[in-house]
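Everything below concerns the one structure shown next.
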Amino acid sequence: MKLERERCHYSITPTLHYSSFSTNMARKVAVIGAGMTKFMRRALETPKELAWLAAKAALDSAGMKLNQIDSVVLGTAPEAFDGLHMKGEYLSDGCGAWNKPFLRCYVGGGTGVYALAQAWFHVASGLYDTALVVCEEKMSTCQPHPQAAFLTIFDPITEQPLKPNLLWIFALEQNRYMETYGITIEEIARVSVKNKRNALDHPAAQLGAELTVQQVLASEIMAWPVHRLMVSPTSDGAAAIVIAAEEVARRVTSKPVWIQGVGWCLDTAYWTNRDLAYPEYVEKAAWMAYRMAGIKEPRKEINIAEPYDPFAYKELHHLEGLQLAPKGQAPKLLADGVFDRDGDLPTTPSGGLLGVGNPIAAAGMMKLCELFWQLRSEAGARQVPGKPERGVAQAWGDLMQVGTVVVLGTKRPE
Amino acid sequence: MPETLGGTPLEAKSSRGGNIFTTSYVPQLRYAWDTGEAIGRYLQELKQERLIARSCHQCGRVMIPPRMFCERCFRPTDEWVYVKDTGRIITFSLCYVSWDVRRLKQPQIPAVIEIDGASPGTGILHVVKKVPPKQVKIGMPVRAVWKPSAERVGSITDIAYWEPNTKTKKRQ
């Protein structure tokens, strides 16, 4: 078969191309159920029990039993948090994977959104009719704080001897972002205010709060320019989604939420060799998903966004990568109220990682759950007005190098 | 979505009071990472007070840290190129938390430093010292301060730190 290739709208290197193969060949796939646990600083439950609670909630939401699930996909982050090496195998029972095809996937913080894209393959390819996607993280196991476990993400020879910590890379990137576009720290702090406020309406939230910009800026400086209230917490929690091929989805629900597009992209792990001011890999991942979804003008065609917000500036950085704000302009749109829950383009109506919490992989999956509830008008107090028809969720991770994107919508993709 | 969700939050006191049980494990693991061809030479040169890069003749980049293959052109790199032990700060932070979450009174100043002689925007991670934190700026020229030769072991920490290079004119 001849693959039709077209020039990518945007390339990290001039030689990258994009294939339009998948859009024509794939079966249509819908999200038909979503569930999650509370996000907590420390949960009584084991990782396996958390996975079970989320998986069961998602099955209940879909009105399905485990024997109706053909395949299971797990997303979970570094083993170092848990001190459990074969974490996928350990978690498999809690994910409902007994006697089933099982895949664990992992791209650091990008895992939660990536997991749904991987599950999409399973069903879009025709291999299975249904898949259960579970994301789980229990960060409290690593004591007193999982920060030290993050040391191992850095290059063991050229970076680890410098004793870096995770705050470094965020602070270095935020500083570069602010300097490049002349962004102020007050503009960044507004993200914390918005997201923690939105989280007050989320029943899973760990850190919902009513705050002012001044309070955010008065919080401890962890790694200038990053203040404590601009950092998401460490969390325990799980979230899960059930997806199905069109025939099954239509039988099970009158409100399928369609997977319209998936995309992901990794930049180089030589992160000190590239400009940190703009996430090119997020742009590339976004265009892959948008092209699949038939989106030409993202700002006009997307009603709601759940960008990855482990740190306050990241939401703005990612909105630009997602083509939902011009480069360096996301802070202005935020200040103008565009991204408020009742704004023109509500972003992170869930409350995000800053407000709901950040059990790594589960946090990305939580964003997809939020889109599912929002697009079905089931988000309760968090519901954005105007019956949104299409949303984008995005996660980010590895060594500041991966962007993962999923577009969900109420309309069946063409 | 349902209003009640699964999960049982624990307070710190519940484990202290013996209300719940935990088991603990402190791993005693030691690793020795082989440095490979490119980084092996990089470390060897650091011991000699020199910074070395690799160039790719196809894309023209001079890359540091050096690598034996160009990840963009996906072909072998071509030449070893000595670069300078001076550069400028691409970005930095003032970090008040150590790698193992101790609070620091005086901040560490991690920075990405673009190396003179390497391609534009090509930097390495290191730390800056000998400058009041509030005076550190993006674009500031810096130079490597090497450990004495007897203390150099072939490590990225053979450069003790970077300090402002007052001899160079600042450029943005």
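To be explicit about the labels: the chains of the structure tokens are called A, B, and onward in the order shown, and within each one the residues are counted from 1, while ligands get numbers from 1 in the order they are shown.
Near Ile138 in chain B, within 6 Å and counting only C-alpha atoms, sit Ile89, Ile90 and Thr91 of chain B, not including residues fewer than 4 positions from it in the same chain.
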Produce a table with one row for each residue of chain A that has an atom at most 8 Å from any atom of chain B, each row naming the nearest atom pair and its distance in Å at one decimal; use only C-alpha atoms; arrange rows by chain and rising residue number; format as JSON lines.
```
{"residue": "A:Thr13", "atom": "CA", "partner": "B:Arg72", "partner_atom": "CA", "distance": 7.1}
{"residue": "A:Gly35", "atom": "CA", "partner": "B:Met1", "partner_atom": "CA", "distance": 7.6}
{"residue": "A:Met36", "atom": "CA", "partner": "B:Leu5", "partner_atom": "CA", "distance": 6.9}
{"residue": "A:Thr37", "atom": "CA", "partner": "B:Gly6", "partner_atom": "CA", "distance": 4.7}
{"residue": "A:Lys38", "atom": "CA", "partner": "B:Gly7", "partner_atom": "CA", "distance": 5.4}
{"residue": "A:Phe39", "atom": "CA", "partner": "B:Gly7", "partner_atom": "CA", "distance": 7.8}
{"residue": "A:Met40", "atom": "CA", "partner": "B:Pro9", "partner_atom": "CA", "distance": 5.6}
{"residue": "A:Arg41", "atom": "CA", "partner": "B:Pro9", "partner_atom": "CA", "distance": 7.2}
{"residue": "A:Arg42", "atom": "CA", "partner": "B:Leu10", "partner_atom": "CA", "distance": 5.5}
{"residue": "A:Ala43", "atom": "CA", "partner": "B:Pro9", "partner_atom": "CA", "distance": 4.6}
{"residue": "A:Leu44", "atom": "CA", "partner": "B:Thr8", "partner_atom": "CA", "distance": 5.5}
{"residue": "A:Glu45", "atom": "CA", "partner": "B:Thr8", "partner_atom": "CA", "distance": 6.8}
{"residue": "A:Leu50", "atom": "CA", "partner": "B:Gly7", "partner_atom": "CA", "distance": 7.0}
{"residue": "A:Leu53", "atom": "CA", "partner": "B:Gly6", "partner_atom": "CA", "distance": 6.1}
{"residue": "A:Ala54", "atom": "CA", "partner": "B:Gly6", "partner_atom": "CA", "distance": 7.7}
{"residue": "A:His145", "atom": "CA", "partner": "B:Val101", "partner_atom": "CA", "distance": 7.6}
{"residue": "A:Gln147", "atom": "CA", "partner": "B:Asp100", "partner_atom": "CA", "distance": 6.5}
{"residue": "A:Ala148", "atom": "CA", "partner": "B:Asp100", "partner_atom": "CA", "distance": 4.8}
{"residue": "A:Leu151", "atom": "CA", "partner": "B:Trp99", "partner_atom": "CA", "distance": 7.1}
{"residue": "A:Pro156", "atom": "CA", "partner": "B:Trp33", "partner_atom": "CA", "distance": 7.2}
{"residue": "A:Ile157", "atom": "CA", "partner": "B:Thr35", "partner_atom": "CA", "distance": 7.0}
{"residue": "A:Thr158", "atom": "CA", "partner": "B:Ile156", "partner_atom": "CA", "distance": 5.8}
{"residue": "A:Glu159", "atom": "CA", "partner": "B:Leu125", "partner_atom": "CA", "distance": 6.7}
{"residue": "A:Pro161", "atom": "CA", "partner": "B:Thr157", "partner_atom": "CA", "distance": 6.7}
{"residue": "A:Leu162", "atom": "CA", "partner": "B:Thr157", "partner_atom": "CA", "distance": 6.8}
{"residue": "A:Lys163", "atom": "CA", "partner": "B:Trp99", "partner_atom": "CA", "distance": 5.8}
{"residue": "A:Pro164", "atom": "CA", "partner": "B:Trp99", "partner_atom": "CA", "distance": 5.7}
{"residue": "A:Asn165", "atom": "CA", "partner": "B:Trp99", "partner_atom": "CA", "distance": 4.5}
{"residue": "A:Leu166", "atom": "CA", "partner": "B:Trp99", "partner_atom": "CA", "distance": 7.8}
{"residue": "A:Leu167", "atom": "CA", "partner": "B:Cys95", "partner_atom": "CA", "distance": 7.7}
{"residue": "A:Trp168", "atom": "CA", "partner": "B:Ser93", "partner_atom": "CA", "distance": 6.7}
{"residue": "A:Ala171", "atom": "CA", "partner": "B:Ser93", "partner_atom": "CA", "distance": 5.6}
{"residue": "A:Leu172", "atom": "CA", "partner": "B:Phe92", "partner_atom": "CA", "distance": 5.2}
{"residue": "A:Glu173", "atom": "CA", "partner": "B:Thr91", "partner_atom": "CA", "distance": 7.4}
{"residue": "A:Asn175", "atom": "CA", "partner": "B:Thr91", "partner_atom": "CA", "distance": 6.3}
{"residue": "A:Arg176", "atom": "CA", "partner": "B:Thr91", "partner_atom": "CA", "distance": 5.5}
{"residue": "A:Glu179", "atom": "CA", "partner": "B:Ile138", "partner_atom": "CA", "distance": 7.8}
{"residue": "A:Pro203", "atom": "CA", "partner": "B:Glu3", "partner_atom": "CA", "distance": 6.3}
{"residue": "A:Ala204", "atom": "CA", "partner": "B:Leu5", "partner_atom": "CA", "distance": 6.8}
{"residue": "A:Ile221", "atom": "CA", "partner": "B:Tyr96", "partner_atom": "CA", "distance": 7.2}
{"residue": "A:Met222", "atom": "CA", "partner": "B:Tyr96", "partner_atom": "CA", "distance": 5.4}
{"residue": "A:Ala223", "atom": "CA", "partner": "B:Cys95", "partner_atom": "CA", "distance": 3.8}
{"residue": "A:Trp224", "atom": "CA", "partner": "B:Leu94", "partner_atom": "CA", "distance": 4.9}
{"residue": "A:Pro225", "atom": "CA", "partner": "B:Ser93", "partner_atom": "CA", "distance": 6.9}
{"residue": "A:Gly237", "atom": "CA", "partner": "B:Gly7", "partner_atom": "CA", "distance": 7.7}
{"residue": "A:Thr268", "atom": "CA", "partner": "B:Glu71", "partner_atom": "CA", "distance": 7.7}
{"residue": "A:Thr272", "atom": "CA", "partner": "B:Gly123", "partner_atom": "CA", "distance": 5.1}
{"residue": "A:Asn273", "atom": "CA", "partner": "B:Thr122", "partner_atom": "CA", "distance": 4.2}
{"residue": "A:Arg274", "atom": "CA", "partner": "B:Gly121", "partner_atom": "CA", "distance": 6.1}
{"residue": "A:Asp275", "atom": "CA", "partner": "B:Gly121", "partner_atom": "CA", "distance": 6.7}
{"residue": "A:Trp373", "atom": "CA", "partner": "B:Met1", "partner_atom": "CA", "distance": 6.5}
{"residue": "A:Glu378", "atom": "CA", "partner": "B:Met1", "partner_atom": "CA", "distance": 6.0}
{"residue": "A:Ala379", "atom": "CA", "partner": "B:Met1", "partner_atom": "CA", "distance": 6.3}
{"residue": "A:Gly380", "atom": "CA", "partner": "B:Met1", "partner_atom": "CA", "distance": 7.5}
```
Can you tell me, as a PyMOL selection string, which residues in range 127-314 of chain A count as helix (DSSP H, G or I) by DSSP? chain A and resi 139-141+146-153+160-162+166-181+185-199+213-218+228-230+246-252+271-273+280-293+298-301+312-314
So which bits of range 97-334 of chain A end up strand (DSSP E) when you DSSP the backbone, as a PyMOL selection string? chain A and resi 102-105+130-138+221-224+226-227+236-245+257-266+304-306
Those residues you just picked out, can you put them in a file as a compact mmCIF listing (two decimals), in the first residue's frame with N, CA and C atoms?
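part_10.txt, freshly written:
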```
# COMPACT_ATOMS: atom_id res chain seq x y z
N PHE A 102 -2.87 -6.99 27.74
CA PHE A 102 -2.56 -5.90 28.67
C PHE A 102 -1.33 -5.17 28.16
N LEU A 103 -1.42 -3.84 28.13
CA LEU A 103 -0.28 -3.03 27.70
C LEU A 103 -0.04 -1.95 28.74
N ARG A 104 1.20 -1.82 29.16
CA ARG A 104 1.54 -0.66 29.99
C ARG A 104 2.32 0.31 29.13
N CYS A 105 1.96 1.60 29.21
CA CYS A 105 2.72 2.59 28.46
C CYS A 105 3.19 3.68 29.40
N THR A 130 -13.47 -3.16 22.56
CA THR A 130 -13.50 -2.32 23.76
C THR A 130 -12.13 -2.33 24.43
N ALA A 131 -11.87 -1.26 25.17
CA ALA A 131 -10.65 -1.21 25.98
C ALA A 131 -10.93 -0.42 27.25
N LEU A 132 -10.33 -0.88 28.32
CA LEU A 132 -10.37 -0.16 29.61
C LEU A 132 -8.99 0.45 29.81
N VAL A 133 -8.97 1.76 30.03
CA VAL A 133 -7.70 2.48 30.19
C VAL A 133 -7.62 2.97 31.63
N VAL A 134 -6.57 2.59 32.33
CA VAL A 134 -6.44 2.94 33.75
C VAL A 134 -5.11 3.65 33.96
N CYS A 135 -5.14 4.75 34.70
CA CYS A 135 -3.90 5.43 35.07
C CYS A 135 -3.86 5.58 36.58
N GLU A 136 -2.71 5.25 37.17
CA GLU A 136 -2.61 5.22 38.63
C GLU A 136 -1.25 5.74 39.06
N GLU A 137 -1.24 6.42 40.20
CA GLU A 137 0.04 6.82 40.79
C GLU A 137 -0.13 6.90 42.30
N LYS A 138 0.85 6.37 43.01
CA LYS A 138 0.86 6.54 44.47
C LYS A 138 2.24 7.08 44.84
N ILE A 221 9.37 31.09 47.89
CA ILE A 221 10.06 30.88 46.62
C ILE A 221 10.79 29.54 46.71
N MET A 222 10.38 28.60 45.85
CA MET A 222 11.04 27.29 45.85
C MET A 222 12.31 27.35 44.99
N ALA A 223 12.13 27.79 43.77
CA ALA A 223 13.24 27.94 42.83
C ALA A 223 12.84 29.11 41.94
N TRP A 224 13.35 30.30 42.27
CA TRP A 224 12.93 31.48 41.53
C TRP A 224 13.02 31.21 40.03
N VAL A 226 9.81 30.26 40.49
CA VAL A 226 8.70 29.40 40.87
C VAL A 226 8.40 29.54 42.37
N HIS A 227 7.16 29.95 42.66
CA HIS A 227 6.69 30.01 44.05
C HIS A 227 5.94 28.73 44.40
N ASP A 236 -1.72 10.83 45.56
CA ASP A 236 -2.11 9.45 45.30
C ASP A 236 -3.47 9.49 44.61
N GLY A 237 -3.65 8.67 43.59
CA GLY A 237 -4.96 8.64 42.96
C GLY A 237 -4.95 7.84 41.68
N ALA A 238 -6.13 7.63 41.14
CA ALA A 238 -6.27 6.88 39.89
C ALA A 238 -7.47 7.41 39.12
N ALA A 239 -7.42 7.23 37.81
CA ALA A 239 -8.53 7.63 36.94
C ALA A 239 -8.59 6.64 35.79
N ALA A 240 -9.78 6.45 35.23
CA ALA A 240 -9.94 5.43 34.19
C ALA A 240 -11.02 5.81 33.21
N ILE A 241 -10.92 5.23 32.03
CA ILE A 241 -11.85 5.50 30.94
C ILE A 241 -12.15 4.20 30.21
N VAL A 242 -13.38 4.05 29.73
CA VAL A 242 -13.74 2.92 28.87
C VAL A 242 -13.97 3.45 27.47
N ILE A 243 -13.36 2.79 26.47
CA ILE A 243 -13.61 3.18 25.09
C ILE A 243 -14.17 1.99 24.31
N ALA A 244 -14.87 2.33 23.23
CA ALA A 244 -15.49 1.26 22.44
C ALA A 244 -15.57 1.67 20.98
N ALA A 245 -15.58 0.66 20.12
CA ALA A 245 -15.80 0.89 18.70
C ALA A 245 -17.24 1.35 18.49
N VAL A 257 -18.78 10.01 23.48
CA VAL A 257 -17.86 11.13 23.26
C VAL A 257 -16.74 10.61 22.38
N TRP A 258 -16.68 11.14 21.16
CA TRP A 258 -15.80 10.56 20.14
C TRP A 258 -14.35 10.98 20.31
N ILE A 259 -13.47 10.03 20.06
CA ILE A 259 -12.05 10.37 19.97
C ILE A 259 -11.83 10.85 18.55
N GLN A 260 -11.67 12.15 18.41
CA GLN A 260 -11.56 12.75 17.06
C GLN A 260 -10.13 12.81 16.57
N GLY A 261 -9.20 12.88 17.51
CA GLY A 261 -7.80 12.96 17.08
C GLY A 261 -6.86 12.61 18.21
N VAL A 262 -5.73 11.99 17.88
CA VAL A 262 -4.68 11.72 18.87
C VAL A 262 -3.35 12.16 18.26
N GLY A 263 -2.46 12.61 19.12
CA GLY A 263 -1.15 13.02 18.62
C GLY A 263 -0.11 13.00 19.73
N TRP A 264 1.11 12.73 19.37
CA TRP A 264 2.19 12.83 20.35
C TRP A 264 3.49 13.01 19.61
N CYS A 265 4.46 13.56 20.34
CA CYS A 265 5.74 13.86 19.71
C CYS A 265 6.79 14.02 20.80
N LEU A 266 7.96 13.50 20.55
CA LEU A 266 9.08 13.68 21.47
C LEU A 266 10.17 14.54 20.85
N ILE A 304 -13.12 23.99 24.58
CA ILE A 304 -12.70 23.79 25.95
C ILE A 304 -11.34 23.08 25.94
N ALA A 305 -10.45 23.48 26.85
CA ALA A 305 -9.11 22.87 26.84
C ALA A 305 -8.69 22.47 28.24
N GLU A 306 -8.01 21.35 28.31
CA GLU A 306 -7.40 20.89 29.56
C GLU A 306 -5.90 20.72 29.30
```
When you look at range 349-362 of chain A with a cut-off of 6 Å (counting only C-alpha atoms), what residues show up, excluding the ones that are within fewer than 6 positions of it in the same chain? I need them as a PDB file with N, CA and C atoms, in the first residue's frame.
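Saved result, out-v8.pdb, follows:
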```pdb
ATOM      1  N   PHE A  39      -8.159  12.546  44.704  1.00  0.00           N
ATOM      2  CA  PHE A  39      -6.712  12.739  44.689  1.00  0.00           C
ATOM      3  C   PHE A  39      -6.314  13.200  46.088  1.00  0.00           C
ATOM      4  N   GLY A  75      -1.495   3.216  32.259  1.00  0.00           N
ATOM      5  CA  GLY A  75      -0.458   4.252  32.261  1.00  0.00           C
ATOM      6  C   GLY A  75      -0.037   4.499  33.686  1.00  0.00           C
ATOM      7  N   THR A  76       1.252   4.414  33.953  1.00  0.00           N
ATOM      8  CA  THR A  76       1.745   4.724  35.296  1.00  0.00           C
ATOM      9  C   THR A  76       3.197   5.144  35.165  1.00  0.00           C
ATOM     10  N   GLY A 109       5.368  12.393  32.594  1.00  0.00           N
ATOM     11  CA  GLY A 109       4.143  13.130  32.894  1.00  0.00           C
ATOM     12  C   GLY A 109       3.147  13.110  31.753  1.00  0.00           C
ATOM     13  N   THR A 111       2.081  10.609  30.283  1.00  0.00           N
ATOM     14  CA  THR A 111       1.477   9.278  30.206  1.00  0.00           C
ATOM     15  C   THR A 111      -0.052   9.278  30.194  1.00  0.00           C
ATOM     16  N   GLY A 112      -0.668  10.125  31.005  1.00  0.00           N
ATOM     17  CA  GLY A 112      -2.115  10.049  31.188  1.00  0.00           C
ATOM     18  C   GLY A 112      -2.895  10.252  29.901  1.00  0.00           C
ATOM     19  N   CYS A 135      -5.145   4.748  34.700  1.00  0.00           N
ATOM     20  CA  CYS A 135      -3.904   5.430  35.073  1.00  0.00           C
ATOM     21  C   CYS A 135      -3.855   5.580  36.581  1.00  0.00           C
ATOM     22  N   GLU A 136      -2.713   5.250  37.169  1.00  0.00           N
ATOM     23  CA  GLU A 136      -2.615   5.224  38.627  1.00  0.00           C
ATOM     24  C   GLU A 136      -1.252   5.740  39.055  1.00  0.00           C
ATOM     25  N   GLU A 137      -1.235   6.416  40.196  1.00  0.00           N
ATOM     26  CA  GLU A 137       0.041   6.818  40.791  1.00  0.00           C
ATOM     27  C   GLU A 137      -0.126   6.903  42.300  1.00  0.00           C
ATOM     28  N   ASN A 195      -6.995  28.046  38.536  1.00  0.00           N
ATOM     29  CA  ASN A 195      -7.141  26.592  38.609  1.00  0.00           C
ATOM     30  C   ASN A 195      -7.507  26.122  40.016  1.00  0.00           C
ATOM     31  N   LYS A 196      -6.913  26.717  41.014  1.00  0.00           N
ATOM     32  CA  LYS A 196      -7.253  26.299  42.377  1.00  0.00           C
ATOM     33  C   LYS A 196      -8.697  26.698  42.705  1.00  0.00           C
ATOM     34  N   ASN A 198     -11.156  26.846  40.373  1.00  0.00           N
ATOM     35  CA  ASN A 198     -11.971  25.864  39.653  1.00  0.00           C
ATOM     36  C   ASN A 198     -12.053  24.547  40.418  1.00  0.00           C
ATOM     37  N   ALA A 199     -10.960  24.188  41.083  1.00  0.00           N
ATOM     38  CA  ALA A 199     -10.902  22.894  41.784  1.00  0.00           C
ATOM     39  C   ALA A 199     -11.848  22.850  42.982  1.00  0.00           C
ATOM     40  N   ALA A 205     -10.861  16.941  44.472  1.00  0.00           N
ATOM     41  CA  ALA A 205      -9.749  17.891  44.585  1.00  0.00           C
ATOM     42  C   ALA A 205      -9.013  17.823  45.921  1.00  0.00           C
ATOM     43  N   GLN A 206      -7.698  17.929  45.794  1.00  0.00           N
ATOM     44  CA  GLN A 206      -6.804  17.928  46.952  1.00  0.00           C
ATOM     45  C   GLN A 206      -6.498  19.350  47.405  1.00  0.00           C
ATOM     46  N   LEU A 207      -6.423  20.285  46.472  1.00  0.00           N
ATOM     47  CA  LEU A 207      -5.938  21.623  46.821  1.00  0.00           C
ATOM     48  C   LEU A 207      -6.775  22.756  46.217  1.00  0.00           C
ATOM     49  N   GLY A 208      -8.078  22.607  46.236  1.00  0.00           N
ATOM     50  CA  GLY A 208      -8.919  23.714  45.802  1.00  0.00           C
ATOM     51  C   GLY A 208      -8.772  24.865  46.791  1.00  0.00           C
ATOM     52  N   SER A 232       2.227  22.057  41.530  1.00  0.00           N
ATOM     53  CA  SER A 232       1.201  21.075  41.871  1.00  0.00           C
ATOM     54  C   SER A 232       1.723  20.175  42.991  1.00  0.00           C
ATOM     55  N   PRO A 233       0.796  19.574  43.753  1.00  0.00           N
ATOM     56  CA  PRO A 233       1.235  18.730  44.869  1.00  0.00           C
ATOM     57  C   PRO A 233       1.651  17.343  44.383  1.00  0.00           C
ATOM     58  N   THR A 234       2.251  16.572  45.266  1.00  0.00           N
ATOM     59  CA  THR A 234       2.378  15.134  45.024  1.00  0.00           C
ATOM     60  C   THR A 234       1.083  14.502  45.517  1.00  0.00           C
ATOM     61  N   SER A 235       0.653  13.465  44.830  1.00  0.00           N
ATOM     62  CA  SER A 235      -0.676  12.927  45.111  1.00  0.00           C
ATOM     63  C   SER A 235      -0.720  11.420  44.930  1.00  0.00           C
ATOM     64  N   ASP A 236      -1.716  10.831  45.564  1.00  0.00           N
ATOM     65  CA  ASP A 236      -2.108   9.447  45.299  1.00  0.00           C
ATOM     66  C   ASP A 236      -3.470   9.492  44.614  1.00  0.00           C
ATOM     67  N   GLY A 237      -3.647   8.666  43.592  1.00  0.00           N
ATOM     68  CA  GLY A 237      -4.959   8.640  42.960  1.00  0.00           C
ATOM     69  C   GLY A 237      -4.952   7.836  41.677  1.00  0.00           C
ATOM     70  N   ALA A 238      -6.132   7.631  41.139  1.00  0.00           N
ATOM     71  CA  ALA A 238      -6.273   6.883  39.894  1.00  0.00           C
ATOM     72  C   ALA A 238      -7.471   7.411  39.122  1.00  0.00           C
ATOM     73  N   ALA A 239      -7.422   7.235  37.811  1.00  0.00           N
ATOM     74  CA  ALA A 239      -8.526   7.634  36.942  1.00  0.00           C
ATOM     75  C   ALA A 239      -8.592   6.636  35.794  1.00  0.00           C
ATOM     76  N   ASP A 309      -0.917  21.279  33.540  1.00  0.00           N
ATOM     77  CA  ASP A 309      -0.538  22.396  34.421  1.00  0.00           C
ATOM     78  C   ASP A 309       0.155  21.938  35.705  1.00  0.00           C
ATOM     79  N   PRO A 310       1.261  21.195  35.608  1.00  0.00           N
ATOM     80  CA  PRO A 310       1.959  20.794  36.833  1.00  0.00           C
ATOM     81  C   PRO A 310       2.566  21.991  37.549  1.00  0.00           C
ATOM     82  N   ARG A 341     -13.856  29.864  33.420  1.00  0.00           N
ATOM     83  CA  ARG A 341     -14.853  28.822  33.137  1.00  0.00           C
ATOM     84  C   ARG A 341     -15.998  29.369  32.278  1.00  0.00           C
TER      85      ARG A 341
END
```
Choose the residue, out of A:Ile32, A:Leu324, A:Ala149, A:Leu399, that has the smallest atom-to-atom separation from Leu368 in chain A; count only C-alpha atoms. A:Ile32
Name all residues at most 9 Å from Gly117 in chain B (count only C-alpha atoms; drop same-chain ones fewer than 6 positions away) and give them as a PDB file with N, CA and C atoms, in the first residue's frame.
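Result written to result.pdb:
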```
ATOM      1  N   ALA B  53      33.592  19.100  21.909  1.00  0.00           N
ATOM      2  CA  ALA B  53      32.286  18.879  21.278  1.00  0.00           C
ATOM      3  C   ALA B  53      32.473  17.965  20.068  1.00  0.00           C
ATOM      4  N   VAL B  62      27.732  22.024  15.948  1.00  0.00           N
ATOM      5  CA  VAL B  62      28.811  21.644  16.863  1.00  0.00           C
ATOM      6  C   VAL B  62      28.132  21.384  18.202  1.00  0.00           C
ATOM      7  N   VAL B  81      35.794  18.612  18.227  1.00  0.00           N
ATOM      8  CA  VAL B  81      36.076  20.047  18.127  1.00  0.00           C
ATOM      9  C   VAL B  81      36.244  20.600  19.540  1.00  0.00           C
ATOM     10  N   TYR B  82      37.406  21.180  19.817  1.00  0.00           N
ATOM     11  CA  TYR B  82      37.560  21.845  21.118  1.00  0.00           C
ATOM     12  C   TYR B  82      36.750  23.137  21.117  1.00  0.00           C
ATOM     13  N   VAL B  83      36.019  23.358  22.189  1.00  0.00           N
ATOM     14  CA  VAL B  83      35.273  24.608  22.340  1.00  0.00           C
ATOM     15  C   VAL B  83      35.805  25.318  23.572  1.00  0.00           C
ATOM     16  N   LYS B  84      35.338  26.532  23.805  1.00  0.00           N
ATOM     17  CA  LYS B  84      35.914  27.337  24.883  1.00  0.00           C
ATOM     18  C   LYS B  84      35.283  26.991  26.237  1.00  0.00           C
ATOM     19  N   THR B  86      34.181  29.203  28.105  1.00  0.00           N
ATOM     20  CA  THR B  86      33.407  30.409  28.403  1.00  0.00           C
ATOM     21  C   THR B  86      32.062  30.270  27.685  1.00  0.00           C
ATOM     22  N   GLY B  87      31.124  31.107  28.101  1.00  0.00           N
ATOM     23  CA  GLY B  87      29.814  31.055  27.447  1.00  0.00           C
ATOM     24  C   GLY B  87      28.912  32.127  28.003  1.00  0.00           C
TER      25      GLY B  87
END
```
May I have the residues within 10 Å of Gln48 in chain B as a count of residues only, using only C-alpha atoms and disregarding those fewer than 5 positions away in the same chain? 8
So that I can check the surroundings of Val216 in chain A, please list as a VMD selection string every protein, DNA and RNA residue that reaches within 8 Å of it, counting only C-alpha atoms and ignoring chain neighbours fewer than 3 positions away. chain A and resid 189 192 to 193 211 to 213 219 227 to 230
Could those selected residues go to a file with C-alpha atoms, as an mmCIF file, in the first residue's frame?
```
data_model
loop_
_atom_site.group_PDB
_atom_site.id
_atom_site.type_symbol
_atom_site.label_atom_id
_atom_site.label_comp_id
_atom_site.auth_asym_id
_atom_site.auth_seq_id
_atom_site.Cartn_x
_atom_site.Cartn_y
_atom_site.Cartn_z
ATOM 1 C CA ALA A 189 0.378 33.599 39.258
ATOM 2 C CA SER A 192 -2.761 29.244 40.140
ATOM 3 C CA VAL A 193 -5.626 31.516 41.165
ATOM 4 C CA LEU A 211 -6.573 32.788 46.449
ATOM 5 C CA THR A 212 -5.369 36.147 45.205
ATOM 6 C CA VAL A 213 -2.393 36.849 42.959
ATOM 7 C CA SER A 219 4.143 32.014 49.040
ATOM 8 C CA HIS A 227 6.695 30.014 44.051
ATOM 9 C CA ARG A 228 5.221 27.242 46.158
ATOM 10 C CA LEU A 229 1.622 27.971 45.112
ATOM 11 C CA MET A 230 2.656 27.652 41.460
#
```
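CA of Gln394 in chain A sits 13.9 Å away from CA of Phe372 in chain A.
CA of Ala80 in chain A sits 29.3 Å away from CA of Tyr278 in chain A.
You will find CA of Arg30 in chain B at 15.0 Å from CA of Gly83 in chain A.
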